[in-house]
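Take a look at the structure set out below.
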Amino acid sequence: MVIKIVCLRCRQKLTAPAYAEKITCPQCGELNPIIKKPSPATSREQGKIIPPLIGKSMEKLRKLLLGNTQRLSGSSGSSSSPPSKLCALDHSVNQLPAKKRAVLCGVSYKKWKYKLKGTINDVMNMKTLLTQTYGFLERNILVLTEEESDTRLIPTKANIENCLKWLVNGCQKGDSLVFYYSGHGLRQPDFDDDELDGFDETICPVDFLREGMIVDNDIYATIVKPLSEGVTLHAIVDACHSGTILDLEHVYERDKREKKNKWWHSVFYKCLRR
């Protein structure tokens with residue numbers, strides 16, 4: 001076996017035996033070192049060719065950039081994209097008992113002229129308060145804002161209604177539930193004739209112009225009526241016309257410190273117990 005090189009000075013083609021380390025050019029007398037290229041080594045354990053010039057650090061970097069082919073390849077042929085972050089809705093079918101559960105909804109209406117500032121910050125502050133002060137687990141909290149990557153957590157009418165059902169699903173005596181809403185609130189004519197002032201109070205999802213508002217009658221039917229005895233629901237609604245948004249039978253006169261039948265005036269509810 002021979003090695004062919006080119007003289008560094010006169011560019012004359014030279015031939016040397018494979019074991020030689022240097023060769024002298026017969027034309028110009030230049031002593032030329034012979035740089036041997038090692039052949040790739042075959043790894044029997046892994047069954048693949050490892051580039052000989054890549055050290056351990058470079059090999060580790062290559063795996064980080066290209067991924068571990070052995071781990072990604074498999075008989076199932078599944079996609080290599082990482083799984084999306086799970087939320088509490090992924091376990092709604094086989095929902096485990098949770099003593100503390102919350103739905104936090106903040107709507108900014110950023111694509112509309114009546115957009116609100118600070119609603120998303122309100123939701124994040126409430127989440128921090130629940131997790132760091134009152135012992136709520138993050139996996140038992142649903143946060144709905146327009147910034148969420150999960151389309152199920154965008155505060156549309158359908159998503160809010162679905163999350164409210166999740167909030168009370170399977171609740172038991174001793175559970176503590178929280179519903180927090182920050183956004184626009186309106187009212188509309190009462191067609192059921194069950195409001196003394198003739199209006200139903202509503203909250204406005206991000207798509208309310210197309211899908212409609214969520215009225216107090218529906219909120220009552222979804223998160224108040226299904227409550228079992230001994231379950232506590234804290235509802236904090238930061239919106240206009242929110243005093244009777246849960247459509248309860250009584251309202252609390254803060255000035256007189258007494259319960260009265262529901263009337264048109266707005267009273268802010270902080271704690272609601274059934």
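Residue names in the structure tokens use chain letters A, B, ... in the order shown, residue numbers from 1 in each chain, and ligand numbers from 1 in the order shown.
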Inset, instruction - List every residue of stretch 149-228 of chain A that DSSP, applied to the backbone of this structure, assigns to strand (DSSP E), and report them as a ChimeraX atom specification. - result: /A:176-182,185-189,199-203,214-215
Inset, instruction - Using only C-alpha atoms, determine which residues lie at most 8 Å from A:Val215, disregarding the query and same-chain residues fewer than 2 positions distant; provide the list as a list of chain:residue names. - result: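 Here the qualifying residues turn out to be A:Asp200, A:Glu201, A:Thr202, A:Ile203, A:Met213, A:Asn217, A:Asp218, A:Ile219, A:Ile245.
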Please write the residues from the selection above to a file, keeping C-alpha atoms, as an mmCIF file, in the first residue's frame.
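The result, stored in selection_18.cif:
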```
data_model
loop_
_atom_site.group_PDB
_atom_site.id
_atom_site.type_symbol
_atom_site.label_atom_id
_atom_site.label_comp_id
_atom_site.auth_asym_id
_atom_site.auth_seq_id
_atom_site.Cartn_x
_atom_site.Cartn_y
_atom_site.Cartn_z
ATOM 1 C CA ASP A 200 -80.348 39.609 32.803
ATOM 2 C CA GLU A 201 -76.713 40.279 33.685
ATOM 3 C CA THR A 202 -74.056 38.859 31.342
ATOM 4 C CA ILE A 203 -70.325 38.368 30.866
ATOM 5 C CA MET A 213 -72.960 36.580 25.800
ATOM 6 C CA ASN A 217 -79.243 32.146 34.280
ATOM 7 C CA ASP A 218 -76.755 29.880 32.486
ATOM 8 C CA ILE A 219 -73.973 30.591 34.978
ATOM 9 C CA ILE A 245 -74.175 37.574 37.882
#
```
Legend entry - Residue neighbourhood A:Asp216, 12 Å, only C-alpha atoms, exclusion window fewer than 6 positions, as number ranges by chain: A: 185-190, 192, 194-195, 199-204, 222-224, 237, 241-249
Store the residues picked out above, limited to N, CA, C and O atoms, as a tab-separated table (two decimals), in the first residue's frame.
```tsv
chain	number	residue	atom	x	y	z
A	185	GLY	N	-68.71	43.26	31.17
A	185	GLY	CA	-70.00	42.73	31.57
A	185	GLY	C	-71.10	43.65	31.07
A	185	GLY	O	-70.96	44.87	31.07
A	186	LEU	N	-72.19	43.06	30.63
A	186	LEU	CA	-73.32	43.84	30.12
A	186	LEU	C	-74.61	43.29	30.70
A	186	LEU	O	-74.60	42.43	31.57
A	187	ARG	N	-75.73	43.80	30.22
A	187	ARG	CA	-77.02	43.24	30.58
A	187	ARG	C	-77.92	43.27	29.36
A	187	ARG	O	-77.71	44.06	28.43
A	188	GLN	N	-78.91	42.42	29.35
A	188	GLN	CA	-79.83	42.34	28.24
A	188	GLN	C	-81.24	42.14	28.78
A	188	GLN	O	-81.42	41.73	29.94
A	189	PRO	N	-82.26	42.42	27.98
A	189	PRO	CA	-83.64	42.27	28.46
A	189	PRO	C	-83.92	40.86	28.95
A	189	PRO	O	-83.46	39.87	28.38
A	190	ASP	N	-84.65	40.75	30.05
A	190	ASP	CA	-85.02	39.47	30.65
A	190	ASP	C	-86.27	38.93	29.96
A	190	ASP	O	-87.36	39.47	30.12
A	192	ASP	N	-87.32	35.79	30.44
A	192	ASP	CA	-87.93	34.76	31.29
A	192	ASP	C	-88.79	35.36	32.39
A	192	ASP	O	-89.41	34.62	33.16
A	194	ASP	N	-87.93	36.70	35.20
A	194	ASP	CA	-87.52	36.28	36.54
A	194	ASP	C	-86.58	37.30	37.19
A	194	ASP	O	-85.96	37.02	38.21
A	195	GLU	N	-86.46	38.49	36.59
A	195	GLU	CA	-85.61	39.55	37.15
A	195	GLU	C	-86.49	40.73	37.54
A	195	GLU	O	-87.33	41.20	36.76
A	199	PHE	N	-83.86	42.88	33.61
A	199	PHE	CA	-82.64	42.64	32.84
A	199	PHE	C	-81.89	41.43	33.37
A	199	PHE	O	-81.84	41.20	34.59
A	200	ASP	N	-81.29	40.67	32.46
A	200	ASP	CA	-80.35	39.61	32.80
A	200	ASP	C	-78.94	40.18	32.72
A	200	ASP	O	-78.60	40.89	31.76
A	201	GLU	N	-78.11	39.86	33.71
A	201	GLU	CA	-76.71	40.28	33.68
A	201	GLU	C	-75.90	39.27	32.87
A	201	GLU	O	-76.21	38.07	32.87
A	202	THR	N	-74.84	39.73	32.22
A	202	THR	CA	-74.06	38.86	31.34
A	202	THR	C	-72.57	39.14	31.48
A	202	THR	O	-72.15	40.20	31.95
A	203	ILE	N	-71.75	38.16	31.08
A	203	ILE	CA	-70.33	38.37	30.87
A	203	ILE	C	-70.06	38.20	29.38
A	203	ILE	O	-70.81	37.51	28.68
A	204	CYS	N	-69.00	38.82	28.90
A	204	CYS	CA	-68.74	38.89	27.46
A	204	CYS	C	-67.49	38.09	27.09
A	204	CYS	O	-66.36	38.56	27.33
A	222	THR	N	-74.95	26.26	35.64
A	222	THR	CA	-73.72	25.51	35.39
A	222	THR	C	-72.88	25.31	36.65
A	222	THR	O	-72.37	24.21	36.90
A	223	ILE	N	-72.72	26.35	37.48
A	223	ILE	CA	-71.77	26.22	38.60
A	223	ILE	C	-72.41	26.41	39.97
A	223	ILE	O	-71.71	26.23	40.99
A	224	VAL	N	-73.68	26.76	40.05
A	224	VAL	CA	-74.33	26.91	41.36
A	224	VAL	C	-75.28	25.75	41.64
A	224	VAL	O	-75.18	25.08	42.67
A	237	VAL	N	-66.03	38.35	40.30
A	237	VAL	CA	-66.31	38.80	38.93
A	237	VAL	C	-66.03	40.29	38.84
A	237	VAL	O	-66.75	41.11	39.42
A	241	HIS	N	-72.08	45.38	35.93
A	241	HIS	CA	-73.36	44.66	36.12
A	241	HIS	C	-73.14	43.27	36.70
A	241	HIS	O	-73.89	42.34	36.40
A	242	SER	N	-72.12	43.10	37.54
A	242	SER	CA	-71.78	41.76	38.03
A	242	SER	C	-72.37	41.46	39.40
A	242	SER	O	-72.12	40.39	39.95
A	243	GLY	N	-73.15	42.35	39.95
A	243	GLY	CA	-73.65	42.15	41.31
A	243	GLY	C	-74.50	40.91	41.46
A	243	GLY	O	-74.43	40.22	42.47
A	244	THR	N	-75.31	40.60	40.46
A	244	THR	CA	-76.18	39.42	40.54
A	244	THR	C	-75.85	38.45	39.40
A	244	THR	O	-76.73	37.78	38.87
A	245	ILE	N	-74.57	38.36	39.05
A	245	ILE	CA	-74.18	37.57	37.88
A	245	ILE	C	-74.39	36.08	38.09
A	245	ILE	O	-74.49	35.32	37.13
A	246	LEU	N	-74.47	35.63	39.36
A	246	LEU	CA	-74.74	34.21	39.60
A	246	LEU	C	-76.22	33.92	39.76
A	246	LEU	O	-76.61	32.78	39.98
A	247	ASP	N	-77.04	34.96	39.67
A	247	ASP	CA	-78.50	34.81	39.69
A	247	ASP	C	-78.97	34.10	40.96
A	247	ASP	O	-79.86	33.24	40.92
A	248	LEU	N	-78.39	34.48	42.09
A	248	LEU	CA	-78.78	33.88	43.37
A	248	LEU	C	-80.10	34.45	43.85
A	248	LEU	O	-80.56	35.51	43.41
A	249	GLU	N	-80.70	33.74	44.77
A	249	GLU	CA	-82.01	34.14	45.28
A	249	GLU	C	-81.93	35.41	46.11
A	249	GLU	O	-82.85	36.23	46.10
```
Legend entry - Best match for closeness to A:Ile236 among A:Tyr180, A:Tyr220, A:Phe208, A:Trp166, counting only C-alpha atoms: A:Tyr180
Legend entry - Which of stretch 176-249 of chain A DSSP labels alpha helix (DSSP H), written as a ChimeraX atom specification: /A:208-211,216-219
Include N, CA and C atoms and write out the residues we just selected as a CSV table (one decimal), in the first residue's frame.
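Final file, again_25.csv:
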```
chain,number,residue,atom,x,y,z
A,208,PHE,N,-68.1,37.3,21.8
A,208,PHE,CA,-69.6,37.5,22.1
A,208,PHE,C,-70.3,38.2,21.0
A,209,LEU,N,-69.6,39.0,20.1
A,209,LEU,CA,-70.3,39.6,19.0
A,209,LEU,C,-70.9,38.6,18.0
A,210,ARG,N,-70.2,37.4,17.9
A,210,ARG,CA,-70.6,36.4,17.0
A,210,ARG,C,-71.4,35.3,17.7
A,211,GLU,N,-71.0,34.9,18.9
A,211,GLU,CA,-71.6,33.7,19.5
A,211,GLU,C,-72.6,34.2,20.6
A,216,ASP,N,-76.6,35.3,33.2
A,216,ASP,CA,-76.6,34.8,34.6
A,216,ASP,C,-77.4,33.6,34.9
A,217,ASN,N,-78.5,33.4,34.1
A,217,ASN,CA,-79.2,32.1,34.3
A,217,ASN,C,-78.4,30.9,34.0
A,218,ASP,N,-77.6,31.0,32.9
A,218,ASP,CA,-76.8,29.9,32.5
A,218,ASP,C,-75.6,29.7,33.5
A,219,ILE,N,-75.0,30.7,34.0
A,219,ILE,CA,-74.0,30.6,35.0
A,219,ILE,C,-74.5,29.9,36.2
```
Inset, instruction - Could you tell me how far atom CA of A:Asn169 lies from atom CA of A:Gln132, in Å and to one decimal? - result: 24.4 Å
Legend entry - stretch 4-19 of chain A environment, 8 Å, only C-alpha atoms, sequence neighbours closer than 5 positions dropped, as a VMD selection string: chain A and resid 25 27 to 28 30 32 34
Legend entry - Nearest to A:Leu177 by atom-to-atom distance, counting only C-alpha atoms, from A:Val206, A:Leu142, A:Leu31, A:Met1: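 The answer is A:Leu142, which sits nearest to A:Leu177.
Residues in contact with A:Asn159 at 12 Å, where only C-alpha atoms are counted and same-chain residues fewer than 5 positions away are skipped, are listed as A:Leu89, A:Val103, A:Cys105, A:Leu142, A:Val143, A:Leu144, A:Thr145, A:Glu146, A:Asp150, A:Thr151, A:Arg152, A:Leu153, A:Ile154, A:Leu164, A:Lys165, A:Trp166, A:Pro205, A:Val206, A:Asp207, A:Glu211, A:Ile214.
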File dump, residues just selected, C-alpha atoms, as a short mmCIF file (atom, residue, chain, number, x, y, z; two decimals), in the first residue's frame:
```
data_model
loop_
_atom_site.label_atom_id
_atom_site.label_comp_id
_atom_site.auth_asym_id
_atom_site.auth_seq_id
_atom_site.Cartn_x
_atom_site.Cartn_y
_atom_site.Cartn_z
CA LEU A 89 -58.89 19.42 30.69
CA VAL A 103 -61.11 28.64 36.69
CA CYS A 105 -60.64 33.93 32.98
CA LEU A 142 -57.49 26.49 34.34
CA VAL A 143 -56.32 29.86 33.00
CA LEU A 144 -58.21 31.30 30.02
CA THR A 145 -56.67 34.26 28.17
CA GLU A 146 -56.09 35.20 24.55
CA ASP A 150 -53.89 25.72 23.82
CA THR A 151 -56.96 26.64 21.76
CA ARG A 152 -59.19 25.09 24.43
CA LEU A 153 -58.10 27.85 26.81
CA ILE A 154 -58.94 30.83 24.59
CA LEU A 164 -67.16 26.00 34.15
CA LYS A 165 -68.57 22.49 33.78
CA TRP A 166 -65.11 21.10 34.57
CA PRO A 205 -66.46 36.19 25.98
CA VAL A 206 -63.94 37.24 23.37
CA ASP A 207 -66.32 36.10 20.60
CA GLU A 211 -71.62 33.74 19.54
CA ILE A 214 -73.17 34.21 28.77
#
```
